[in-house]
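Below is the file protein_28.txt, which contains compact mmCIF, C-alpha atoms.
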# COMPACT_ATOMS: atom_id res chain seq x y z
CA MET A 1 48.49 27.36 5.54
CA ASP A 2 48.68 26.04 9.07
CA ALA A 3 48.85 22.36 9.99
CA HIS A 4 45.31 22.29 11.40
CA ILE A 5 43.75 23.40 8.11
CA LYS A 6 45.83 20.92 6.12
CA LYS A 7 44.97 18.08 8.50
CA VAL A 8 41.22 18.82 8.44
CA TYR A 9 40.79 19.60 4.74
CA VAL A 10 43.39 17.59 2.81
CA PRO A 11 42.19 15.20 1.52
CA MET A 12 38.77 16.81 1.33
CA THR A 13 35.36 15.32 1.57
CA GLU A 14 33.35 15.38 -1.63
CA THR A 15 31.01 17.89 0.02
CA GLY A 16 33.85 20.23 0.95
CA PHE A 17 35.38 19.97 -2.50
CA TYR A 18 32.17 20.88 -4.29
CA ILE A 19 31.41 23.74 -1.91
CA LEU A 20 34.78 25.37 -2.54
CA LEU A 21 34.58 24.65 -6.26
CA CYS A 22 31.18 26.35 -6.47
CA LEU A 23 32.19 29.31 -4.31
CA ARG A 24 34.77 30.51 -6.78
CA GLU A 25 31.77 32.70 -7.62
CA GLU A 26 29.44 34.14 -4.98
CA SER A 27 26.58 31.84 -4.10
CA HIS A 28 24.20 30.82 -1.34
CA GLY A 29 23.62 27.37 0.10
CA TYR A 30 20.67 26.45 -2.08
CA GLY A 31 22.51 27.68 -5.17
CA ILE A 32 25.44 25.42 -4.30
CA VAL A 33 23.10 22.45 -3.84
CA GLN A 34 21.62 23.07 -7.29
CA GLN A 35 25.00 23.57 -8.95
CA VAL A 36 26.42 20.38 -7.43
CA GLN A 37 23.42 18.37 -8.63
CA ALA A 38 23.89 19.81 -12.13
CA LEU A 39 27.67 19.18 -12.16
CA THR A 40 27.24 15.56 -11.03
CA GLN A 41 24.10 14.79 -13.06
CA GLY A 42 22.25 14.25 -9.78
CA GLU A 43 24.73 11.73 -8.35
CA VAL A 44 25.72 14.02 -5.46
CA LYS A 45 22.90 15.57 -3.46
CA LEU A 46 23.86 17.79 -0.54
CA SER A 47 21.34 17.84 2.27
CA PRO A 48 20.56 21.18 3.95
CA GLY A 49 22.09 19.99 7.25
CA THR A 50 25.32 18.93 5.60
CA MET A 51 25.46 22.09 3.47
CA TYR A 52 24.88 24.60 6.24
CA GLY A 53 27.08 22.74 8.73
CA SER A 54 29.91 22.72 6.18
CA LEU A 55 29.43 26.40 5.32
CA SER A 56 29.57 27.31 9.01
CA LYS A 57 32.73 25.28 9.64
CA MET A 58 34.46 26.56 6.50
CA GLU A 59 33.62 30.15 7.39
CA LYS A 60 34.96 29.64 10.94
CA ASP A 61 38.17 28.14 9.50
CA GLY A 62 38.61 31.03 7.04
CA LEU A 63 38.10 29.09 3.79
CA ILE A 64 35.00 31.03 2.81
CA GLN A 65 33.55 34.36 3.84
CA PHE A 66 30.11 35.89 4.08
CA VAL A 67 29.66 38.54 1.40
CA ARG A 68 26.15 39.89 1.84
CA GLU A 69 22.53 38.97 2.24
CA GLU A 70 20.30 39.00 -0.82
CA ASP A 71 16.60 38.07 -0.78
CA LYS A 72 17.03 36.60 2.73
CA ARG A 73 19.86 34.35 1.52
CA GLU A 74 23.43 34.60 2.75
CA LEU A 75 25.95 34.79 -0.07
CA TYR A 76 29.46 33.42 0.40
CA ARG A 77 32.68 33.28 -1.62
CA ILE A 78 35.97 31.47 -1.34
CA THR A 79 38.90 33.20 0.40
CA PRO A 80 42.56 33.07 -0.63
CA LEU A 81 43.10 30.33 1.97
CA GLY A 82 40.15 28.42 0.53
CA ARG A 83 41.68 28.73 -2.94
CA GLN A 84 44.95 27.27 -1.63
CA VAL A 85 43.12 24.32 -0.11
CA LEU A 86 41.08 23.79 -3.29
CA GLU A 87 44.25 23.90 -5.43
CA LEU A 88 45.92 21.30 -3.21
CA GLU A 89 42.91 19.03 -3.53
CA MET A 90 42.64 19.53 -7.29
CA HIS A 91 46.32 18.64 -7.64
CA ARG A 92 45.78 15.52 -5.50
CA ILE A 93 42.82 14.44 -7.63
CA GLU A 94 44.77 15.03 -10.85
CA ARG A 95 47.62 12.90 -9.50
CA LEU A 96 45.17 10.11 -8.61
CA TYR A 97 43.67 10.27 -12.10
CA GLN A 98 47.09 10.19 -13.79
CA ASN A 99 48.16 7.22 -11.66
CA MET A 100 44.95 5.39 -12.49
CA MET A 101 45.47 5.96 -16.22
CA GLU A 102 49.06 4.68 -16.02
CA VAL A 103 48.08 1.32 -14.50
CA ARG A 104 44.97 0.69 -16.58
Just give me the structure of the file as structure tokens.
Amino acid sequence: MDAHIKKVYVPMTETGFYILLCLREESHGYGIVQQVQALTQGEVKLSPGTMYGSLSKMEKDGLIQFVREEDKRELYRITPLGRQVLELEMHRIERLYQNMMEVR
């Protein structure tokens, strides 16, 4: 992973984290929006502008890739680089949680 990717994506925004988390399986933008709302019980709502801007940037940076079009919707999935970035962020979040539990 090059320094640019690490600098831009670690730590991740909540939006970026949920997009990569959801794209472990193929999905389209609207599907991601729905899945994030379900995962967060409606606390996180991704706007179309934020969603599609993030998808475009992540695709350009090689974290996700276009798979195919289905019913006029573009389906994406996470790439190996995207998985590395997601794993780094998950590890960081786990460390934060463990630290929080130790000082409670």
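Closest approach to Phe17 in chain A among A:Met90, A:Leu96, A:Met1, A:Met51 is made by A:Met90 (distances from all atoms listed in the file).
Using only C-alpha atoms, the shortest contact distance between Lys6 in chain A and any of A:Gly42, A:Tyr97, A:Lys72, A:Leu88 is found at A:Leu88.
Closest approach to Gln37 in chain A among A:Phe66, A:Thr15, A:Tyr52, A:Ile93: A:Thr15, based on all atoms listed in the file.
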I'd like the neighbourhood of Leu86 in chain A as a tab-separated table (two decimals) with C-alpha atoms, in the coordinates of the input, where a residue qualifies if any of its atoms comes within 10 Å (using all atoms listed in the file), though same-chain residues fewer than 5 positions away should be ignored.
chain	number	residue	atom	x	y	z
A	9	TYR	CA	40.79	19.60	4.74
A	10	VAL	CA	43.39	17.59	2.81
A	11	PRO	CA	42.19	15.20	1.52
A	12	MET	CA	38.77	16.81	1.33
A	16	GLY	CA	33.85	20.23	0.95
A	17	PHE	CA	35.38	19.97	-2.50
A	18	TYR	CA	32.17	20.88	-4.29
A	19	ILE	CA	31.41	23.74	-1.91
A	20	LEU	CA	34.78	25.37	-2.54
A	21	LEU	CA	34.58	24.65	-6.26
A	24	ARG	CA	34.77	30.51	-6.78
A	63	LEU	CA	38.10	29.09	3.79
A	78	ILE	CA	35.97	31.47	-1.34
A	80	PRO	CA	42.56	33.07	-0.63
A	81	LEU	CA	43.10	30.33	1.97
A	91	HIS	CA	46.32	18.64	-7.64
A	92	ARG	CA	45.78	15.52	-5.50
- Message: Report, in Å with one decimal, the straight-line distance from CA of Ala38 in chain A to CA of Thr13 in chain A.
- Response: 18.4 Å
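CA of Lys45 in chain A is found 23.7 Å from CA of Glu70 in chain A.
Separating CA of Glu25 in chain A from CA of Gln98 in chain A is a distance of 27.9 Å.
Excluding Asp61 in chain A itself and same-chain residues fewer than 6 positions from it, the residues having an atom within 10 Å of it are His4, Ile5, Val8, Leu55, Leu81 and Gly82 of chain A, counting all atoms listed in the file.
Using all atoms listed in the file, the contacts of Leu23 in chain A at a cut-off of 9 Å, with sequence neighbours closer than 5 positions omitted, comprise Tyr18, His28, Ile32, Ile64, Tyr76, Arg77 and Ile78 of chain A.
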Take every atom of range 63-66 of chain A listed in the file, pad by 8 Å on each side, and give me the axis-aligned box centre and edge lengths in Å, one decimal, as AutoDock Vina command-line options.
--center_x 34.1 --center_y 32.5 --center_z 3.4 --size_x 24.0 --size_y 22.8 --size_z 17.3
